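Enquirer: Below is run_23.txt; it holds compact mmCIF, C-alpha atoms (C1' of nucleotides).
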```
# COMPACT_ATOMS: atom_id res chain seq x y z
CA MET A 1 109.24 -247.03 -114.71
CA ALA A 2 109.95 -244.23 -117.12
CA TYR A 3 113.63 -244.57 -116.35
CA LYS A 4 114.04 -247.34 -118.90
CA ARG A 5 112.84 -244.91 -121.49
CA ASN A 6 115.81 -242.77 -120.65
CA VAL A 7 118.19 -245.73 -120.66
CA ILE A 8 117.05 -246.51 -124.21
CA LEU A 9 117.40 -242.89 -125.35
CA ARG A 10 120.92 -242.65 -123.91
CA ALA A 11 121.91 -245.89 -125.62
CA ALA A 12 120.50 -244.60 -128.90
CA GLU A 13 122.43 -241.37 -128.49
CA GLN A 14 125.61 -243.30 -127.83
CA LEU A 15 125.15 -245.62 -130.79
CA ILE A 16 124.40 -242.79 -133.20
CA ALA A 17 127.36 -240.81 -131.90
CA ASP A 18 129.59 -243.86 -132.39
CA GLU A 19 128.34 -245.42 -135.61
CA GLY A 20 125.94 -242.95 -137.20
CA LEU A 21 122.21 -243.07 -137.68
CA HIS A 22 122.41 -245.31 -140.72
CA ASN A 23 123.94 -248.07 -138.61
CA LEU A 24 121.40 -247.94 -135.81
CA SER A 25 119.41 -251.15 -135.57
CA MET A 26 116.78 -251.94 -132.97
CA GLN A 27 118.49 -255.16 -131.95
CA LYS A 28 121.82 -253.43 -131.46
CA LEU A 29 120.03 -250.75 -129.51
CA ALA A 30 118.39 -253.37 -127.31
CA THR A 31 121.74 -255.01 -126.61
CA THR A 32 123.44 -251.70 -125.83
CA ALA A 33 120.60 -250.60 -123.57
CA GLN A 34 120.66 -254.06 -121.91
CA VAL A 35 117.00 -254.50 -122.65
CA ALA A 36 115.00 -256.95 -124.74
CA ALA A 37 114.06 -255.83 -128.22
CA GLY A 38 110.38 -255.91 -127.36
CA THR A 39 110.86 -253.60 -124.39
CA ILE A 40 111.77 -250.71 -126.69
CA TYR A 41 108.28 -250.97 -128.15
CA ARG A 42 106.68 -250.42 -124.75
CA TYR A 43 108.15 -246.90 -124.74
CA PHE A 44 108.24 -245.99 -128.42
CA THR A 45 105.70 -246.92 -131.05
CA ASP A 46 108.35 -247.50 -133.71
CA LYS A 47 111.86 -246.59 -134.76
CA GLU A 48 110.80 -243.30 -136.29
CA ALA A 49 109.07 -242.22 -133.10
CA LEU A 50 112.14 -243.19 -131.12
CA ILE A 51 114.34 -240.94 -133.23
CA SER A 52 111.81 -238.14 -133.03
CA GLU A 53 111.78 -238.40 -129.24
CA LEU A 54 115.56 -238.54 -129.16
CA ARG A 55 115.70 -235.34 -131.15
CA LYS A 56 113.58 -233.51 -128.60
CA ASP A 57 115.51 -235.02 -125.73
CA VAL A 58 118.88 -234.04 -127.16
CA LEU A 59 117.70 -230.54 -127.94
CA LYS A 60 116.64 -230.18 -124.31
CA ASN A 61 120.10 -231.26 -123.17
CA VAL A 62 121.82 -229.07 -125.74
CA ALA A 63 119.85 -226.02 -124.64
CA GLU A 64 120.56 -226.81 -121.00
CA PHE A 65 124.25 -226.96 -121.82
CA VAL A 66 124.31 -223.78 -123.88
CA PHE A 67 122.46 -221.73 -121.29
CA SER A 68 124.23 -223.19 -118.26
CA GLY A 69 125.64 -220.43 -116.09
CA PHE A 70 123.68 -217.84 -118.04
CA THR A 71 123.15 -214.79 -115.84
CA GLN A 72 122.20 -211.17 -116.23
CA GLU A 73 125.62 -209.73 -116.78
CA SER A 74 126.45 -207.15 -119.40
CA VAL A 75 125.33 -208.09 -122.88
CA GLU A 76 128.90 -208.56 -124.07
CA ALA A 77 129.64 -210.83 -121.10
CA GLN A 78 126.49 -212.80 -121.89
CA PHE A 79 127.60 -213.13 -125.48
CA THR A 80 131.07 -214.34 -124.52
CA HIS A 81 129.60 -216.85 -122.11
CA LEU A 82 127.23 -218.25 -124.73
CA TRP A 83 129.94 -218.22 -127.39
CA PHE A 84 132.20 -220.49 -125.38
CA ASN A 85 129.29 -222.73 -124.49
CA PHE A 86 128.50 -223.18 -128.18
CA LEU A 87 132.16 -223.95 -128.74
CA LYS A 88 132.28 -226.49 -125.93
CA LEU A 89 129.04 -228.02 -127.14
CA GLY A 90 131.06 -229.44 -129.99
CA SER A 91 134.45 -229.88 -128.44
CA ASN A 92 133.95 -230.72 -124.81
CA ARG A 93 131.04 -233.07 -124.42
CA ASN A 94 131.32 -236.71 -123.54
CA SER A 95 131.93 -238.91 -126.50
CA ASN A 96 128.67 -240.71 -125.87
CA GLN A 97 126.73 -237.51 -126.43
CA LEU A 98 125.64 -236.16 -129.75
CA ASN A 99 127.36 -232.96 -130.74
CA TYR A 100 125.56 -230.16 -132.53
CA GLN A 101 126.59 -231.47 -135.95
CA GLN A 102 125.20 -234.92 -135.23
CA TYR A 103 122.09 -233.50 -133.63
CA SER A 104 121.35 -231.28 -136.59
CA GLN A 105 121.35 -234.21 -138.98
CA LEU A 106 118.67 -236.20 -137.19
CA PRO A 107 115.74 -236.56 -139.58
CA GLY A 108 112.57 -234.65 -138.83
CA ILE A 109 114.52 -231.70 -137.52
CA GLU A 110 112.81 -229.50 -140.07
CA SER A 111 109.30 -230.30 -138.90
CA ASP A 112 107.17 -227.36 -137.80
CA GLU A 113 106.58 -228.89 -134.39
CA HIS A 114 110.27 -229.21 -133.78
CA ARG A 115 111.09 -225.74 -135.04
CA ALA A 116 108.55 -224.23 -132.67
CA PHE A 117 110.14 -226.12 -129.79
CA GLU A 118 113.59 -225.00 -130.89
CA GLN A 119 112.50 -221.39 -131.23
CA ASN A 120 111.07 -221.44 -127.74
CA THR A 121 114.16 -223.11 -126.30
CA PHE A 122 116.55 -220.53 -127.70
CA GLU A 123 114.45 -217.53 -126.75
CA PRO A 124 116.94 -216.24 -124.15
CA LEU A 125 119.31 -215.76 -127.03
CA LEU A 126 116.88 -213.53 -128.90
CA THR A 127 116.23 -211.61 -125.71
CA MET A 128 119.93 -210.96 -125.43
CA PHE A 129 120.05 -209.65 -129.00
CA LYS A 130 117.10 -207.34 -128.35
CA GLN A 131 118.63 -206.12 -125.12
CA GLY A 132 121.89 -205.37 -126.91
CA GLN A 133 120.06 -203.50 -129.63
CA GLN A 134 118.11 -201.42 -127.12
CA GLN A 135 121.36 -200.46 -125.46
CA GLY A 136 122.77 -199.46 -128.84
CA LEU A 137 125.48 -202.13 -128.59
CA ILE A 138 124.29 -204.58 -131.25
CA THR A 139 123.61 -203.60 -134.83
CA ASP A 140 120.07 -203.58 -136.13
CA LEU A 141 120.02 -206.81 -138.15
CA GLU A 142 117.58 -209.70 -138.05
CA ASP A 143 118.22 -212.40 -135.47
CA GLU A 144 119.18 -215.01 -138.08
CA TYR A 145 122.01 -212.78 -139.30
CA LEU A 146 123.19 -211.98 -135.80
CA PHE A 147 123.23 -215.64 -134.83
CA SER A 148 125.06 -216.69 -137.97
CA ILE A 149 127.74 -214.03 -137.67
CA GLY A 150 128.09 -214.34 -133.92
CA PHE A 151 127.79 -218.00 -133.09
CA GLU A 152 128.20 -220.18 -136.19
CA PRO A 153 131.98 -219.71 -136.05
CA ALA A 154 131.94 -221.03 -132.48
CA ILE A 155 129.91 -224.09 -133.46
CA ALA A 156 132.19 -224.79 -136.42
CA LEU A 157 135.34 -224.38 -134.35
CA GLY A 158 133.95 -226.67 -131.67
CA HIS A 159 133.43 -229.28 -134.34
CA ARG A 160 136.97 -228.87 -135.64
CA ILE A 161 138.35 -229.26 -132.15
CA SER A 162 136.27 -232.37 -131.48
CA GLU A 163 137.53 -233.94 -134.70
CA GLY A 164 141.10 -233.26 -133.63
CA HIS A 165 141.90 -230.83 -136.41
CA LEU A 166 142.44 -227.93 -134.07
CA GLU A 167 143.74 -227.63 -130.55
CA TYR A 168 141.83 -225.81 -127.88
CA ASN A 169 143.63 -222.54 -127.16
CA ASP A 170 141.88 -220.30 -124.70
CA SER A 171 143.60 -217.03 -125.49
CA GLU A 172 143.37 -217.45 -129.26
CA LEU A 173 139.70 -218.37 -129.02
CA LEU A 174 139.04 -215.32 -126.88
CA VAL A 175 140.42 -213.19 -129.69
CA VAL A 176 138.12 -214.96 -132.14
CA CYS A 177 135.16 -214.52 -129.81
CA LYS A 178 135.85 -210.80 -129.53
CA ARG A 179 135.96 -210.52 -133.29
CA CYS A 180 132.60 -212.26 -133.55
CA TRP A 181 131.21 -209.84 -131.00
CA SER A 182 132.63 -206.90 -132.91
CA ALA A 183 131.07 -208.26 -136.09
CA ILE A 184 127.56 -207.94 -134.63
CA SER A 185 128.18 -204.84 -132.57
CA THR A 186 127.84 -201.20 -133.49
CA SER A 187 131.38 -200.44 -132.32
CA PHE A 188 132.84 -200.34 -135.80
CA SER A 189 131.78 -198.11 -138.66
CA ASP A 190 128.06 -198.82 -138.93
CA SER A 191 126.77 -197.88 -142.32
CA MET B 1 131.36 -246.57 -170.95
CA ALA B 2 132.22 -244.73 -167.76
CA TYR B 3 129.16 -242.59 -168.20
CA LYS B 4 126.98 -245.09 -166.35
CA ARG B 5 129.23 -244.62 -163.38
CA ASN B 6 128.21 -241.00 -163.39
CA VAL B 7 124.54 -241.83 -163.84
CA ILE B 8 124.72 -243.97 -160.73
CA LEU B 9 126.55 -241.30 -158.73
CA ARG B 10 124.02 -238.63 -159.71
CA ALA B 11 121.14 -240.92 -158.76
CA ALA B 12 122.80 -241.61 -155.41
CA GLU B 13 123.28 -237.89 -154.83
CA GLN B 14 119.64 -237.25 -155.62
CA LEU B 15 118.37 -240.04 -153.38
CA ILE B 16 120.52 -238.95 -150.45
CA ALA B 17 119.46 -235.33 -150.93
CA ASP B 18 115.81 -236.41 -150.95
CA GLU B 19 115.62 -239.17 -148.37
CA GLY B 20 118.89 -239.16 -146.46
CA LEU B 21 121.75 -241.59 -146.41
CA HIS B 22 120.03 -243.93 -143.98
CA ASN B 23 117.29 -244.57 -146.53
CA LEU B 24 119.59 -245.33 -149.44
CA SER B 25 119.24 -248.91 -150.63
CA MET B 26 121.03 -250.43 -153.58
CA GLN B 27 117.81 -251.60 -155.20
CA LYS B 28 116.24 -248.15 -154.91
CA LEU B 29 119.42 -246.71 -156.31
CA ALA B 30 119.30 -249.16 -159.23
CA THR B 31 115.70 -248.23 -159.98
CA THR B 32 116.39 -244.48 -159.79
CA ALA B 33 119.48 -244.79 -161.98
CA GLN B 34 117.47 -246.98 -164.40
CA VAL B 35 120.07 -249.69 -164.14
CA ALA B 36 120.03 -253.26 -162.93
CA ALA B 37 121.19 -253.84 -159.38
CA GLY B 38 124.13 -255.87 -160.57
CA THR B 39 125.36 -253.09 -162.81
CA ILE B 40 126.20 -250.92 -159.83
CA TYR B 41 128.74 -253.56 -158.80
CA ARG B 42 130.55 -253.26 -162.11
CA TYR B 43 131.51 -249.71 -161.14
CA PHE B 44 131.73 -249.88 -157.37
CA THR B 45 132.99 -252.78 -155.30
CA ASP B 46 130.34 -252.30 -152.63
CA LYS B 47 128.03 -249.76 -151.04
CA GLU B 48 130.75 -248.28 -148.88
CA ALA B 49 133.00 -247.70 -151.87
CA LEU B 50 130.11 -246.09 -153.72
CA ILE B 51 129.58 -243.59 -150.93
CA SER B 52 133.30 -242.95 -150.71
CA GLU B 53 133.43 -242.21 -154.44
CA LEU B 54 130.36 -240.02 -154.18
CA ARG B 55 132.05 -238.01 -151.47
CA LYS B 56 135.04 -237.27 -153.70
CA ASP B 57 132.81 -236.51 -156.64
CA VAL B 58 130.63 -234.10 -154.70
CA LEU B 59 133.65 -232.36 -153.22
CA LYS B 60 134.97 -231.81 -156.72
CA ASN B 61 131.67 -230.25 -157.78
CA VAL B 62 131.44 -228.20 -154.60
CA ALA B 63 134.94 -226.82 -155.09
CA GLU B 64 134.19 -226.06 -158.72
CA PHE B 65 131.12 -224.14 -157.65
CA VAL B 66 132.83 -222.22 -154.85
CA PHE B 67 135.75 -221.15 -156.99
CA SER B 68 133.73 -220.39 -160.11
CA GLY B 69 134.49 -216.90 -161.37
CA PHE B 70 137.44 -216.63 -159.01
CA THR B 71 139.93 -214.10 -160.41
CA GLN B 72 142.82 -212.03 -159.19
CA GLU B 73 140.94 -209.00 -157.99
CA SER B 74 141.60 -207.21 -154.72
CA VAL B 75 141.61 -209.50 -151.72
CA GLU B 76 138.39 -208.01 -150.38
CA ALA B 77 136.69 -208.51 -153.74
CA GLN B 78 137.93 -212.10 -153.77
CA PHE B 79 136.53 -212.59 -150.29
CA THR B 80 133.14 -211.16 -151.21
CA HIS B 81 133.00 -213.32 -154.31
CA LEU B 82 133.79 -216.49 -152.36
CA TRP B 83 131.44 -215.50 -149.56
CA PHE B 84 128.45 -215.33 -151.86
CA ASN B 85 129.47 -218.55 -153.56
CA PHE B 86 129.52 -220.31 -150.19
CA LEU B 87 126.11 -218.83 -149.53
CA LYS B 88 124.72 -219.94 -152.87
CA LEU B 89 126.24 -223.36 -152.38
CA GLY B 90 123.54 -223.93 -149.81
CA SER B 91 120.74 -221.81 -151.12
CA ASN B 92 120.91 -221.86 -154.88
CA ARG B 93 121.82 -225.32 -156.05
CA ASN B 94 119.44 -227.70 -157.71
CA SER B 95 117.41 -229.72 -155.28
CA ASN B 96 118.94 -232.91 -156.62
CA GLN B 97 122.38 -231.82 -155.50
CA LEU B 98 123.83 -232.28 -152.07
CA ASN B 99 124.35 -229.08 -150.17
CA TYR B 100 127.34 -228.50 -147.92
CA GLN B 101 125.49 -229.72 -144.84
CA GLN B 102 124.54 -232.99 -146.50
CA TYR B 103 127.97 -233.39 -148.01
CA SER B 104 129.69 -232.92 -144.68
CA GLN B 105 127.74 -235.73 -143.09
CA LEU B 106 128.76 -238.41 -145.56
CA PRO B 107 130.67 -241.06 -143.66
CA GLY B 108 134.37 -241.37 -144.23
CA ILE B 109 134.74 -237.64 -144.59
CA GLU B 110 137.24 -237.67 -141.75
CA SER B 111 139.62 -240.07 -143.44
CA ASP B 112 143.18 -238.86 -144.00
CA GLU B 113 142.94 -239.46 -147.72
CA HIS B 114 139.88 -237.35 -148.00
CA ARG B 115 141.23 -234.56 -145.83
CA ALA B 116 144.33 -234.33 -147.99
CA PHE B 117 142.16 -234.04 -151.08
CA GLU B 118 140.02 -231.41 -149.38
CA GLN B 119 143.04 -229.43 -148.26
CA ASN B 120 144.41 -229.42 -151.77
CA THR B 121 141.07 -228.46 -153.28
CA PHE B 122 140.62 -225.43 -151.04
CA GLU B 123 144.17 -224.19 -151.37
CA PRO B 124 143.20 -221.04 -153.33
CA LEU B 125 141.36 -219.99 -150.21
CA LEU B 126 144.47 -220.26 -148.06
CA THR B 127 146.43 -218.38 -150.70
CA MET B 128 143.92 -215.57 -150.47
CA PHE B 129 144.30 -215.43 -146.69
CA LYS B 130 148.08 -215.32 -146.97
CA GLN B 131 147.92 -212.64 -149.63
CA GLY B 132 145.62 -210.55 -147.45
CA GLN B 133 147.94 -210.95 -144.50
CA GLN B 134 150.99 -209.93 -146.55
CA GLN B 135 149.13 -206.80 -147.62
CA GLY B 136 148.31 -206.05 -144.00
CA LEU B 137 144.58 -206.38 -144.67
CA ILE B 138 143.81 -209.61 -142.84
CA THR B 139 144.62 -210.21 -139.20
CA ASP B 140 147.30 -212.67 -138.24
CA LEU B 141 145.23 -215.64 -137.13
CA GLU B 142 145.42 -219.28 -138.19
CA ASP B 143 143.51 -220.27 -141.32
CA GLU B 144 140.94 -222.32 -139.38
CA TYR B 145 139.95 -219.26 -137.40
CA LEU B 146 139.80 -217.02 -140.46
CA PHE B 147 137.65 -219.52 -142.32
CA SER B 148 135.27 -220.01 -139.41
CA ILE B 149 134.79 -216.30 -138.78
CA GLY B 150 134.67 -215.36 -142.43
CA PHE B 151 132.77 -218.10 -144.20
CA GLU B 152 130.86 -220.28 -141.75
CA PRO B 153 128.16 -217.60 -141.43
CA ALA B 154 127.70 -217.71 -145.20
CA ILE B 155 127.37 -221.50 -145.21
CA ALA B 156 124.89 -221.40 -142.35
CA LEU B 157 122.83 -218.66 -143.95
CA GLY B 158 122.79 -220.55 -147.24
CA HIS B 159 121.39 -223.52 -145.39
CA ARG B 160 118.71 -221.41 -143.71
CA ILE B 161 117.68 -219.97 -147.06
CA SER B 162 117.50 -223.38 -148.69
CA GLU B 163 115.26 -224.64 -145.87
CA GLY B 164 112.94 -221.69 -146.43
CA HIS B 165 113.55 -220.09 -143.04
CA LEU B 166 115.09 -216.98 -144.52
CA GLU B 167 114.55 -215.07 -147.71
CA TYR B 168 117.39 -214.15 -149.98
CA ASN B 169 118.01 -210.42 -149.67
CA ASP B 170 120.96 -209.15 -151.62
CA SER B 171 121.51 -205.84 -149.87
CA GLU B 172 121.11 -207.27 -146.37
CA LEU B 173 123.46 -210.12 -147.17
CA LEU B 174 126.03 -207.68 -148.50
CA VAL B 175 125.99 -205.95 -145.12
CA VAL B 176 126.51 -209.31 -143.43
CA CYS B 177 129.32 -210.17 -145.83
CA LYS B 178 131.06 -206.87 -145.08
CA ARG B 179 130.80 -207.56 -141.38
CA CYS B 180 132.39 -210.97 -141.87
CA TRP B 181 135.18 -209.34 -143.82
CA SER B 182 135.65 -206.77 -141.10
CA ALA B 183 135.80 -209.54 -138.53
CA ILE B 184 138.88 -211.04 -140.15
CA SER B 185 140.46 -207.79 -141.30
CA THR B 186 142.84 -205.48 -139.51
CA SER B 187 140.61 -202.45 -140.14
CA PHE B 188 139.18 -202.39 -136.65
CA SER B 189 141.13 -202.09 -133.42
CA ASP B 190 143.60 -204.93 -133.70
CA SER B 191 144.83 -205.85 -130.27
C1' DG C 1 131.44 -255.29 -196.58
C1' DA C 2 129.38 -259.14 -194.58
C1' DT C 3 129.69 -262.84 -191.27
C1' DA C 4 131.61 -265.17 -187.54
C1' DA C 5 134.20 -265.09 -183.13
C1' DT C 6 135.40 -262.76 -179.10
C1' DT C 7 135.07 -259.67 -175.50
C1' DA C 8 132.71 -256.43 -172.57
C1' DA C 9 128.50 -254.66 -170.44
C1' DA C 10 124.28 -255.32 -168.39
C1' DT C 11 120.75 -258.00 -166.47
C1' DG C 12 117.64 -259.62 -162.63
C1' DA C 13 116.39 -263.75 -160.12
C1' DA C 14 118.19 -265.92 -156.17
C1' DC C 15 121.01 -266.12 -151.82
C1' DG C 16 121.93 -265.65 -147.08
C1' DT C 17 121.61 -262.09 -143.74
C1' DT C 18 119.73 -258.56 -141.12
C1' DC C 19 116.04 -255.68 -140.34
C1' DA C 20 111.83 -253.76 -137.62
C1' DT C 21 108.14 -255.47 -135.36
C1' DT C 22 104.94 -258.77 -132.90
C1' DC C 23 103.08 -261.51 -129.17
C1' DA C 24 102.60 -265.68 -126.24
C1' DT C 25 104.93 -266.30 -122.19
C1' DT C 26 107.52 -265.25 -117.96
C1' DT C 27 109.07 -262.20 -114.39
C1' DT C 28 108.45 -258.48 -111.27
C1' DA C 29 105.76 -255.23 -108.61
C1' DT C 30 101.53 -254.10 -106.31
C1' DA D 1 95.83 -262.58 -106.67
C1' DT D 2 96.12 -259.14 -109.99
C1' DA D 3 98.26 -256.11 -112.99
C1' DA D 4 102.19 -254.20 -115.21
C1' DA D 5 106.64 -254.77 -117.21
C1' DA D 6 109.85 -257.29 -119.64
C1' DT D 7 111.22 -260.99 -122.41
C1' DG D 8 113.18 -263.09 -126.77
C1' DA D 9 111.98 -266.44 -130.33
C1' DA D 10 109.40 -266.03 -134.47
C1' DT D 11 108.02 -263.53 -138.75
C1' DG D 12 108.02 -261.68 -143.16
C1' DA D 13 109.88 -257.87 -145.56
C1' DA D 14 113.89 -255.66 -147.20
C1' DC D 15 118.69 -255.60 -147.37
C1' DG D 16 123.52 -255.98 -149.91
C1' DT D 17 125.61 -258.88 -152.90
C1' DT D 18 126.42 -262.67 -156.37
C1' DC D 19 126.51 -264.92 -160.73
C1' DA D 20 124.63 -267.67 -164.62
C1' DT D 21 122.75 -265.80 -168.48
C1' DT D 22 121.55 -262.42 -172.11
C1' DT D 23 122.53 -258.42 -174.89
C1' DA D 24 125.64 -255.16 -177.13
C1' DA D 25 129.98 -253.80 -178.94
C1' DT D 26 134.37 -254.84 -180.88
C1' DT D 27 137.61 -257.43 -183.48
C1' DA D 28 139.01 -261.04 -186.75
C1' DT D 29 138.28 -263.76 -190.95
C1' DC D 30 136.98 -264.34 -195.42
```
Would you write the structure of this file as structure tokens?
Expert:
Amino acid sequence: MAYKRNVILRAAEQLIADEGLHNLSMQKLATTAQVAAGTIYRYFTDKEALISELRKDVLKNVAEFVFSGFTQESVEAQFTHLWFNFLKLGSNRNSNQLNYQQYSQLPGIESDEHRAFEQNTFEPLLTMFKQGQQQGLITDLEDEYLFSIGFEPAIALGHRISEGHLEYNDSELLVVCKRCWSAISTSFSDS
Amino acid sequence: MAYKRNVILRAAEQLIADEGLHNLSMQKLATTAQVAAGTIYRYFTDKEALISELRKDVLKNVAEFVFSGFTQESVEAQFTHLWFNFLKLGSNRNSNQLNYQQYSQLPGIESDEHRAFEQNTFEPLLTMFKQGQQQGLITDLEDEYLFSIGFEPAIALGHRISEGHLEYNDSELLVVCKRCWSAISTSFSDS
DNA sequence: GATAATTAAATGAACGTTCATTCATTTTAT
DNA sequence: ATAAAATGAATGAACGTTCATTTAATTATC
């Protein structure tokens, strides 16, 4: 039964979301997952491996969320769609799920193996950038710059909303989204 | 001698930067700070208080860094100056200092007391926004939006550079900075 | 100015607790 | 009847914290 593996991962996600990684103990995890402590070690060799597996698992879910409803519309429509998904990734998810901020602080996230997996997962995004550039819509900057200018504001705003420091306002956020799009597009004076 | 207090805080900062908060133990901290374990408790009531104090201390240093060289130039020049400081905050600092990412994940950062301190510390930034709006240069959006669009890309890029995933390129980054400025300014079609 | 008395700072061994992990045993599924 | 899955008490290491004691600095006395 690999389903217990998932039960344990979900419990770990919940506990980290609630109390932070530095308060995660294996016994607490066992209790939360309604499993004996020893059972965890049937599915994960040790705590470090558990966290490593959780990282991959969460990334999979995050990517699924970000690319949900992603279709072949116009590039700008694709951008807007992704932008609000990145925003909701922080603001909208269940409280027992890790948000992007929490995900990005899991240790081992900088390993080569993980970065390769991440790169592969977010490929559709790079495809969109390339498509936009071929159509002369998006400025000719490296992907890292385009992502930072275009989507980091959405991630940050999602975090602010989830922490209760900002209220979700659809029309205002649409204005912000459009400004992010303009900031990576060729529509303004391109030097 | 309050200087030992500082020695302990710097050692804590270094350890967290190196190994993460979840690996910080008081005995390791004592060893790193070249101090007996008991000495720590002369300056901090417990571990939680230590981290809380570290948070304030780091914020002070971060603010000092961000606003270093901040003068009353044109608003756009002020923006550019701050933008590169935010960038360098992640990319340029000594490896024994916490970067913005690490700072922002210290627990207790969401407390009211801390938020008030943070708000006060970053007031010059809000002043700049207001000034820009009065001069008709910056669009009429709330500060949270302006900050996210304008500066979050710089913070994120700084982080990427510090992790070695991106090389520092002055001329490219200046282009990116200008695009961030444009994204919050009224210079393009303001609907 | 030297010596004694007092206060403050620093120490690190010891404490009780919690931690991650193991494994002999029991329960469940085949 | 056999194998796989799950258990949870036991273990030793590591944890945060305490405190009796030592060391250093400051003040008082002559």
Enquirer: Counting only C-alpha atoms, which residue out of A:Gln105, A:Ser91, A:Ser171, A:Thr127 sits closest to chain B?
Expert: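 Closest to chain B, using only C-alpha atoms: A:Gln105.
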Enquirer: Near DA24 of chain D, within 12 Å and counting all atoms listed in the file, which residues show up once chain neighbours fewer than 3 positions away are dropped, as a PyMOL selection string?
Expert: chain C and resi 7-10
Enquirer: Of the candidates C:DT25, C:DG1, C:DT6, C:DA20, which one gets nearest to DA28 of chain D if we count only C-alpha atoms (C1' of nucleotides)?
Expert: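 Ranked by minimum distance to DA28 of chain D, first place goes to C:DT6.
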Enquirer: Skip DT18 of chain D itself and residues of its chain fewer than 6 positions away, then list as a VMD selection string all residues within 9 Å of it, counting all atoms listed in the file.
Expert: (chain B and resid 38) or (chain C and resid 14 to 15)
Enquirer: With only C-alpha atoms (C1' of nucleotides) as the counted atoms, please give the residues lying no more than 12 Å from Lys56 of chain A, apart from itself and same-chain residues fewer than 2 positions off, as a tab-separated table (two decimals) with C-alpha atoms, in the frame of the given file.
Expert:
```tsv
chain	number	residue	atom	x	y	z
A	9	LEU	CA	117.40	-242.89	-125.35
A	13	GLU	CA	122.43	-241.37	-128.49
A	49	ALA	CA	109.07	-242.22	-133.10
A	50	LEU	CA	112.14	-243.19	-131.12
A	51	ILE	CA	114.34	-240.94	-133.23
A	52	SER	CA	111.81	-238.14	-133.03
A	53	GLU	CA	111.78	-238.40	-129.24
A	54	LEU	CA	115.56	-238.54	-129.16
A	58	VAL	CA	118.88	-234.04	-127.16
A	59	LEU	CA	117.70	-230.54	-127.94
A	60	LYS	CA	116.64	-230.18	-124.31
A	61	ASN	CA	120.10	-231.26	-123.17
A	62	VAL	CA	121.82	-229.07	-125.74
A	63	ALA	CA	119.85	-226.02	-124.64
A	103	TYR	CA	122.09	-233.50	-133.63
A	104	SER	CA	121.35	-231.28	-136.59
A	106	LEU	CA	118.67	-236.20	-137.19
A	107	PRO	CA	115.74	-236.56	-139.58
A	108	GLY	CA	112.57	-234.65	-138.83
A	109	ILE	CA	114.52	-231.70	-137.52
A	111	SER	CA	109.30	-230.30	-138.90
A	113	GLU	CA	106.58	-228.89	-134.39
A	114	HIS	CA	110.27	-229.21	-133.78
A	115	ARG	CA	111.09	-225.74	-135.04
A	116	ALA	CA	108.55	-224.23	-132.67
A	117	PHE	CA	110.14	-226.12	-129.79
A	118	GLU	CA	113.59	-225.00	-130.89
A	121	THR	CA	114.16	-223.11	-126.30
```
Enquirer: Within 10 Å of segment 132-142 of chain A, counting all atoms listed in the file, which residues show up once you throw out same-chain ones fewer than 6 positions away? Write them as a ChimeraX atom specification, please.
Expert: /A:74-76,79,126,181-188,190-191 /B:172,175-176
Enquirer: Calculate how many Å separate atom CA of Gln119 of chain A from atom CA of Glu64 of chain A, rounding to one decimal.
Expert: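 Computing the Euclidean distance for atom CA of Gln119 of chain A and atom CA of Glu64 of chain A yields 14.1 Å.
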Enquirer: What separation in Å, quoted to one decimal, exists between atom CA of Phe67 of chain B and atom CA of Asn99 of chain B?
Expert: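 So the two atoms, atom CA of Phe67 of chain B and atom CA of Asn99 of chain B, lie 15.5 Å apart.
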Enquirer: Could you tell me how far atom CA of Leu174 of chain A sits from atom CA of Gln72 of chain A, in Å to one decimal place?
Expert: 20.4 Å
Enquirer: With all atoms listed in the file as the atoms that count, which of B:Leu98, B:Cys177, B:Ala12, B:Met26 lies nearest to Gln78 of chain B?
Expert: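 Once distances to Gln78 of chain B are computed over all atoms listed in the file, the minimum belongs to B:Cys177.
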Enquirer: Would you give me, as CSV, each residue of chain A having an atom within 9 Å of an atom of chain D, along with its shortest atom pair and that distance in Å to one decimal, using all atoms listed in the file and sorting by chain and residue number?
Expert:
```
residue,atom,partner,partner_atom,distance
A:Met1,CA,D:DA5,C1',8.5
A:Val35,CA,D:DA6,C1',8.2
A:Ala36,CA,D:DT7,C1',6.0
A:Ala37,CA,D:DG8,C1',7.5
A:Gly38,CA,D:DT7,C1',7.1
A:Thr39,CA,D:DA6,C1',6.1
A:Arg42,CA,D:DA5,C1',8.7
```
Enquirer: With only C-alpha atoms (C1' of nucleotides) counted, which protein, DNA or RNA residues have an atom no more than 8 Å from (108.3, -251.1, -131.9) in the file frame? Please answer as a ChimeraX atom specification.
Expert: /A:38,40-42,44-47 /C:20-21
Enquirer: Which residue out of A:Val66, A:Leu173, A:Ala11, A:Leu29 has the minimum interatomic distance to chain C when only C-alpha atoms (C1' of nucleotides) are used?
Expert: A:Leu29
Enquirer: May I have the residues of chain A within 6 Å of chain B, counting all atoms listed in the file, written as a PDB file with C-alpha atoms, in the coordinates of the input?
Expert:
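This went into iface-v6.pdb:
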```pdb
ATOM      1  CA  HIS A  22     122.410-245.310-140.720  1.00  0.00           C
ATOM      2  CA  SER A 148     125.060-216.690-137.970  1.00  0.00           C
ATOM      3  CA  ILE A 149     127.740-214.030-137.670  1.00  0.00           C
ATOM      4  CA  GLU A 152     128.200-220.180-136.190  1.00  0.00           C
ATOM      5  CA  PRO A 153     131.980-219.710-136.050  1.00  0.00           C
ATOM      6  CA  ARG A 179     135.960-210.520-133.290  1.00  0.00           C
ATOM      7  CA  ALA A 183     131.070-208.260-136.090  1.00  0.00           C
TER       8      ALA A 183
END
```
